[in-house]
Each structure stands twice: as C-alpha cells, then as structure tokens.
$ cat run.cif   # mmCIF, C-alpha atoms
data_query
loop_
_atom_site.label_atom_id
_atom_site.label_comp_id
_atom_site.auth_asym_id
_atom_site.auth_seq_id
_atom_site.Cartn_x
_atom_site.Cartn_y
_atom_site.Cartn_z
CA MET U 1 0.00 0.00 0.00
CA GLN U 2 1.18 3.49 -0.82
CA VAL U 3 -0.28 6.59 0.83
CA LEU U 4 0.26 9.98 -0.74
CA HIS U 5 -0.65 13.19 1.05
CA ILE U 6 -1.02 15.92 -1.54
CA THR U 7 -1.21 19.32 0.12
CA ASP U 8 -1.38 21.69 -2.85
CA GLU U 9 -1.04 21.83 -6.63
CA ALA U 10 2.71 22.37 -6.46
CA ASP U 11 2.97 19.08 -4.56
CA ILE U 12 1.20 17.08 -7.29
CA ALA U 13 4.13 16.72 -9.71
CA ALA U 14 6.54 15.47 -7.04
CA LYS U 15 4.04 12.99 -5.63
CA ALA U 16 2.99 11.84 -9.11
CA ALA U 17 6.63 10.99 -9.91
CA LEU U 18 6.76 8.78 -6.80
CA LEU U 19 3.48 7.15 -7.73
CA TYR U 20 4.62 6.41 -11.30
CA GLU U 21 7.83 4.88 -9.99
CA TRP U 22 5.88 2.65 -7.59
CA PHE U 23 3.36 1.73 -10.31
CA ASP U 24 6.19 0.81 -12.70
CA SER U 25 7.78 -1.43 -10.05
CA LEU U 26 4.45 -3.22 -9.53
CA SER U 27 3.99 -3.63 -13.27
CA ALA U 28 7.48 -5.13 -13.55
CA GLU U 29 6.41 -7.69 -10.95
CA LYS U 30 3.39 -8.62 -13.13
CA GLU U 31 0.82 -6.88 -10.91
CA GLU U 32 -2.25 -5.88 -12.94
CA GLY U 33 -2.60 -2.37 -11.54
CA ILE U 34 -3.53 -0.25 -8.55
CA VAL U 35 -6.63 1.19 -6.91
CA ILE U 36 -6.63 4.86 -5.97
CA LYS U 37 -8.95 5.95 -3.16
CA PRO U 38 -9.58 9.29 -1.46
CA ALA U 39 -8.43 9.51 2.15
CA GLN U 40 -12.00 10.12 3.34
CA ALA U 41 -14.95 7.87 2.48
CA PHE U 42 -18.18 9.30 1.05
CA VAL U 43 -16.88 12.55 -0.39
CA LYS U 44 -19.69 14.09 -2.43
CA ASN U 45 -19.10 13.93 -6.22
CA VAL U 46 -15.88 11.93 -5.80
CA ALA U 47 -15.55 8.33 -6.94
CA PRO U 48 -14.99 5.82 -4.12
CA ALA U 49 -12.05 4.31 -6.01
CA LEU U 50 -10.34 4.40 -9.38
CA LYS U 51 -8.64 1.35 -10.87
CA VAL U 52 -5.48 2.00 -12.87
CA ARG U 53 -4.39 -0.98 -14.96
CA ASN U 54 -0.97 -1.50 -16.50
CA ASN U 55 -0.55 -1.75 -20.27
CA ASN U 56 0.16 -5.49 -20.19
CA TYR U 57 -3.15 -6.14 -18.45
CA LEU U 58 -4.98 -3.87 -20.90
CA THR U 59 -3.36 -5.68 -23.83
CA MET U 60 -4.61 -8.98 -22.41
CA ILE U 61 -8.15 -7.59 -22.09
CA TYR U 62 -8.40 -5.53 -25.31
CA GLY U 63 -6.06 -7.40 -27.64
CA VAL U 64 -2.53 -7.43 -28.96
CA HIS U 65 -2.93 -4.12 -30.82
CA PHE U 66 -3.85 -2.16 -27.68
CA GLN U 67 -0.47 -0.52 -27.14
CA SER U 68 0.27 0.17 -30.81
CA GLU U 69 -3.17 1.82 -31.17
CA LEU U 70 -3.14 3.46 -27.74
CA GLU U 71 -4.60 6.87 -28.69
CA GLN U 72 -7.48 5.28 -30.60
CA GLN U 73 -8.09 2.76 -27.83
CA ILE U 74 -8.26 5.52 -25.21
CA ARG U 75 -10.67 7.64 -27.31
CA LYS U 76 -13.11 4.78 -27.83
CA ARG U 77 -13.08 3.70 -24.17
CA SER U 78 -14.17 6.74 -22.23
CA ILE U 79 -14.61 6.12 -18.52
CA ARG U 80 -16.92 9.13 -18.06
CA ALA U 81 -20.17 7.08 -17.90
CA LYS U 82 -18.61 4.41 -15.68
CA LEU U 83 -17.24 7.08 -13.34
CA SER U 84 -20.62 8.81 -13.16
CA CYS U 85 -22.35 5.52 -12.31
CA SER U 86 -19.78 4.80 -9.62
CA ILE U 87 -20.25 8.21 -8.02
CA ASN U 88 -24.06 7.90 -8.16
CA ASP U 89 -23.97 4.38 -6.67
CA TRP U 90 -21.70 5.62 -3.89
CA ALA U 91 -24.06 8.51 -3.09
CA ILE U 92 -27.16 6.28 -3.05
CA ASN U 93 -25.44 3.69 -0.86
CA TYR U 94 -24.38 6.43 1.54
CA GLN U 95 -27.96 7.70 1.78
CA LEU U 96 -29.22 4.15 2.36
CA LEU U 97 -26.76 3.71 5.22
CA GLN U 98 -28.13 6.84 6.89
CA ILE U 99 -31.59 5.27 7.29
CA PRO U 100 -32.01 3.71 10.74
CA TYR U 101 -32.86 0.02 10.59
CA ARG U 102 -36.15 0.57 12.45
CA GLU U 103 -37.30 2.91 9.64
CA ILE U 104 -36.84 0.34 6.87
CA ASN U 105 -40.37 -0.78 6.06
CA PRO U 106 -42.81 -0.90 3.11
CA GLU U 107 -44.28 2.52 4.03
CA ASN U 108 -40.96 4.36 3.91
CA TYR U 109 -41.11 5.91 0.43
CA TYR U 110 -37.76 7.64 0.78
CA TYR U 111 -36.14 4.25 1.36
CA LYS U 112 -38.11 2.64 -1.48
CA ASN U 113 -37.11 5.41 -3.88
CA LEU U 114 -33.45 5.01 -2.97
CA VAL U 115 -33.66 1.27 -3.58
CA LEU U 116 -35.33 1.93 -6.94
CA ASP U 117 -32.62 4.45 -7.82
CA ARG U 118 -30.01 1.81 -6.96
CA ILE U 119 -31.72 -0.77 -9.18
CA LEU U 120 -31.92 1.70 -12.07
CA GLU U 121 -28.24 2.56 -11.65
CA GLU U 122 -27.40 -1.15 -11.88
CA ALA U 123 -29.40 -1.39 -15.10
CA ALA U 124 -27.58 1.63 -16.56
CA GLU U 125 -24.19 0.26 -15.54
CA SER U 126 -24.93 -3.10 -17.18
CA GLN U 127 -24.92 -1.28 -20.54
CA LEU U 128 -21.33 -0.12 -20.09
CA ASP U 129 -18.10 -1.84 -21.15
CA PRO U 130 -17.64 -4.56 -18.49
CA ALA U 131 -13.86 -4.48 -18.93
CA LEU U 132 -13.65 -0.89 -17.63
#
$ encode --input "run.cif" --output "structure tokens"
Amino acid sequence: MQVLHITDEADIAAKAALLYEWFDSLSAEKEEGIVIKPAQAFVKNVAPALKVRNNNYLTMIYGVHFQSELEQQIRKRSIRAKLSCSINDWAINYQLLQIPYREINPENYYYKNLVLDRILEEAAESQLDPAL
C-alpha cells in the first residue's frame, strides 16, 4: 500500500513521480494495476475508487494491438459514464446507510425510492463496457 498526502497543486508533480515509480515497479512484478482511493470515504461527487491498470493487463483484455493503437483505444473507451455511475452508486449507498434500521419498512417511500434508484443505476451500468 502506498499513501500519498497531496497538500497543494505544487505538490502534485513530485508525488505523481513517486506514484509512477511505484506503479512501474508493480507492473514489472506482473501486478495488474492499482486502486486509488480518497483519504475520506463518502466525499460528495468523488468516486470511491479508481482502478489504474498496467498496459500489459490492458493488452490482455483488449487485444494485442492495444499498445500500438493506444490513442485510438483511449478515445473509444471513455470512462466518463462508468465514473458517473460509480459516483451515483456511492451517493445512493451512503444515503441508504443513513436510514435507521427501524425505519426500513414498506411505508418508507424515501427508502423505497433510494432502492429503486439503486436498481436503475445497476441497469444503466450493465450497458457499459464490463472491462472498464
């Protein structure tokens, strides 16, 4: 595990260099990638985690031409929709966790609407590239 404390924008470049070095060492050891998480859970409009895969893993998933066609591959595999779904799921789950157990019943329409929202998010996410 690697923990980076970024204090300001000037700090980003130095910390990013350390992160790339660590990521490269993991890739050399045949690790498939890393997961980046914010220090605090349930930050509004922030994804709960972001997977970063190495090029060898991506070549295995998307084919032998992945690295030679990298720019095209990146353009056709936008993570925007997947990221939006992840953030929405996280927000709904957080709201569900705020409901006291004793208030979970068939008459609680707030709870029922949250569950419906969660189901609809799952349906939307099922339409996305499963390899992302």
$ closest_residue --input "run.cif" --among "U:Leu96, U:Glu107, U:Cys85, U:Ala41" --to "Glu122 in chain U" --atoms "all atoms listed in the file"
U:Cys85
$ closest_residue --input "run.cif" --among "U:Leu83, U:Ile92, U:Ala10, U:Ile104" --to "Leu128 in chain U" --atoms "only C-alpha atoms"
U:Leu83
$ residues_around --input "run.cif" --residues "Ser84 in chain U" --least-positions-apart "3" --cutoff "10 Å" --atoms "all atoms listed in the file" --output "list in words"
Asn45, Val46, Ala47, Ile79, Arg80, Ala81, Ile87, Asn88, Asp89, Trp90, Glu121 and Glu125 of chain U
$ atom_distance --input "run.cif" --atom1 "CA of Tyr57 in chain U" --atom2 "CA of Phe42 in chain U"
29.1 Å
$ residues_around --input "run.cif" --residues "Tyr111 in chain U" --least-positions-apart "5" --cutoff "12 Å" --atoms "all atoms listed in the file" --output "list in words"
Ile92, Asn93, Tyr94, Gln95, Leu96, Leu97, Gln98, Ile99, Pro100, Tyr101, Arg102, Glu103, Ile104, Asn105, Pro106, Leu116, Asp117 and Arg118 of chain U
$ build_atoms --input "run.cif" --residues "range 70-94 of chain U" --atoms "N, CA and C atoms" --output "PDB file, keeping the file's coordinate frame"
ATOM      1  N   LEU U  70      -2.769   2.922 -29.051  1.00  0.00           N
ATOM      2  CA  LEU U  70      -3.140   3.460 -27.740  1.00  0.00           C
ATOM      3  C   LEU U  70      -4.076   4.662 -27.811  1.00  0.00           C
ATOM      4  N   GLU U  71      -3.761   5.665 -28.614  1.00  0.00           N
ATOM      5  CA  GLU U  71      -4.600   6.870 -28.690  1.00  0.00           C
ATOM      6  C   GLU U  71      -6.025   6.526 -29.119  1.00  0.00           C
ATOM      7  N   GLN U  72      -6.160   5.696 -30.131  1.00  0.00           N
ATOM      8  CA  GLN U  72      -7.480   5.280 -30.600  1.00  0.00           C
ATOM      9  C   GLN U  72      -8.213   4.475 -29.535  1.00  0.00           C
ATOM     10  N   GLN U  73      -7.499   3.581 -28.878  1.00  0.00           N
ATOM     11  CA  GLN U  73      -8.090   2.760 -27.830  1.00  0.00           C
ATOM     12  C   GLN U  73      -8.612   3.627 -26.679  1.00  0.00           C
ATOM     13  N   ILE U  74      -7.855   4.637 -26.302  1.00  0.00           N
ATOM     14  CA  ILE U  74      -8.260   5.520 -25.210  1.00  0.00           C
ATOM     15  C   ILE U  74      -9.499   6.319 -25.614  1.00  0.00           C
ATOM     16  N   ARG U  75      -9.523   6.837 -26.841  1.00  0.00           N
ATOM     17  CA  ARG U  75     -10.670   7.640 -27.310  1.00  0.00           C
ATOM     18  C   ARG U  75     -11.952   6.824 -27.319  1.00  0.00           C
ATOM     19  N   LYS U  76     -11.871   5.564 -27.721  1.00  0.00           N
ATOM     20  CA  LYS U  76     -13.110   4.780 -27.830  1.00  0.00           C
ATOM     21  C   LYS U  76     -13.537   4.136 -26.507  1.00  0.00           C
ATOM     22  N   ARG U  77     -12.740   4.287 -25.465  1.00  0.00           N
ATOM     23  CA  ARG U  77     -13.080   3.700 -24.170  1.00  0.00           C
ATOM     24  C   ARG U  77     -13.134   4.758 -23.083  1.00  0.00           C
ATOM     25  N   SER U  78     -14.027   5.694 -23.235  1.00  0.00           N
ATOM     26  CA  SER U  78     -14.170   6.740 -22.230  1.00  0.00           C
ATOM     27  C   SER U  78     -14.700   6.147 -20.928  1.00  0.00           C
ATOM     28  N   ILE U  79     -14.148   6.601 -19.819  1.00  0.00           N
ATOM     29  CA  ILE U  79     -14.610   6.120 -18.520  1.00  0.00           C
ATOM     30  C   ILE U  79     -15.637   7.054 -17.892  1.00  0.00           C
ATOM     31  N   ARG U  80     -16.011   8.116 -18.605  1.00  0.00           N
ATOM     32  CA  ARG U  80     -16.920   9.130 -18.060  1.00  0.00           C
ATOM     33  C   ARG U  80     -18.226   8.517 -17.529  1.00  0.00           C
ATOM     34  N   ALA U  81     -18.897   7.675 -18.324  1.00  0.00           N
ATOM     35  CA  ALA U  81     -20.170   7.080 -17.900  1.00  0.00           C
ATOM     36  C   ALA U  81     -19.962   6.133 -16.719  1.00  0.00           C
ATOM     37  N   LYS U  82     -18.905   5.341 -16.774  1.00  0.00           N
ATOM     38  CA  LYS U  82     -18.610   4.410 -15.680  1.00  0.00           C
ATOM     39  C   LYS U  82     -18.321   5.175 -14.392  1.00  0.00           C
ATOM     40  N   LEU U  83     -17.564   6.258 -14.494  1.00  0.00           N
ATOM     41  CA  LEU U  83     -17.240   7.080 -13.340  1.00  0.00           C
ATOM     42  C   LEU U  83     -18.492   7.718 -12.755  1.00  0.00           C
ATOM     43  N   SER U  84     -19.362   8.210 -13.613  1.00  0.00           N
ATOM     44  CA  SER U  84     -20.620   8.810 -13.160  1.00  0.00           C
ATOM     45  C   SER U  84     -21.490   7.788 -12.424  1.00  0.00           C
ATOM     46  N   CYS U  85     -21.587   6.584 -12.979  1.00  0.00           N
ATOM     47  CA  CYS U  85     -22.350   5.520 -12.310  1.00  0.00           C
ATOM     48  C   CYS U  85     -21.754   5.194 -10.946  1.00  0.00           C
ATOM     49  N   SER U  86     -20.455   5.115 -10.882  1.00  0.00           N
ATOM     50  CA  SER U  86     -19.780   4.800  -9.620  1.00  0.00           C
ATOM     51  C   SER U  86     -20.066   5.867  -8.558  1.00  0.00           C
ATOM     52  N   ILE U  87     -19.986   7.125  -8.964  1.00  0.00           N
ATOM     53  CA  ILE U  87     -20.250   8.210  -8.020  1.00  0.00           C
ATOM     54  C   ILE U  87     -21.711   8.190  -7.567  1.00  0.00           C
ATOM     55  N   ASN U  88     -22.635   7.962  -8.514  1.00  0.00           N
ATOM     56  CA  ASN U  88     -24.060   7.900  -8.160  1.00  0.00           C
ATOM     57  C   ASN U  88     -24.352   6.721  -7.224  1.00  0.00           C
ATOM     58  N   ASP U  89     -23.786   5.559  -7.536  1.00  0.00           N
ATOM     59  CA  ASP U  89     -23.970   4.380  -6.670  1.00  0.00           C
ATOM     60  C   ASP U  89     -23.476   4.683  -5.256  1.00  0.00           C
ATOM     61  N   TRP U  90     -22.315   5.280  -5.174  1.00  0.00           N
ATOM     62  CA  TRP U  90     -21.700   5.620  -3.890  1.00  0.00           C
ATOM     63  C   TRP U  90     -22.621   6.541  -3.094  1.00  0.00           C
ATOM     64  N   ALA U  91     -23.178   7.548  -3.756  1.00  0.00           N
ATOM     65  CA  ALA U  91     -24.060   8.510  -3.090  1.00  0.00           C
ATOM     66  C   ALA U  91     -25.347   7.837  -2.606  1.00  0.00           C
ATOM     67  N   ILE U  92     -25.929   6.986  -3.442  1.00  0.00           N
ATOM     68  CA  ILE U  92     -27.160   6.280  -3.050  1.00  0.00           C
ATOM     69  C   ILE U  92     -26.885   5.351  -1.879  1.00  0.00           C
ATOM     70  N   ASN U  93     -25.788   4.605  -1.957  1.00  0.00           N
ATOM     71  CA  ASN U  93     -25.440   3.690  -0.860  1.00  0.00           C
ATOM     72  C   ASN U  93     -25.230   4.456   0.442  1.00  0.00           C
ATOM     73  N   TYR U  94     -24.599   5.612   0.350  1.00  0.00           N
ATOM     74  CA  TYR U  94     -24.380   6.430   1.540  1.00  0.00           C
ATOM     75  C   TYR U  94     -25.717   6.861   2.145  1.00  0.00           C
TER      76      TYR U  94
END
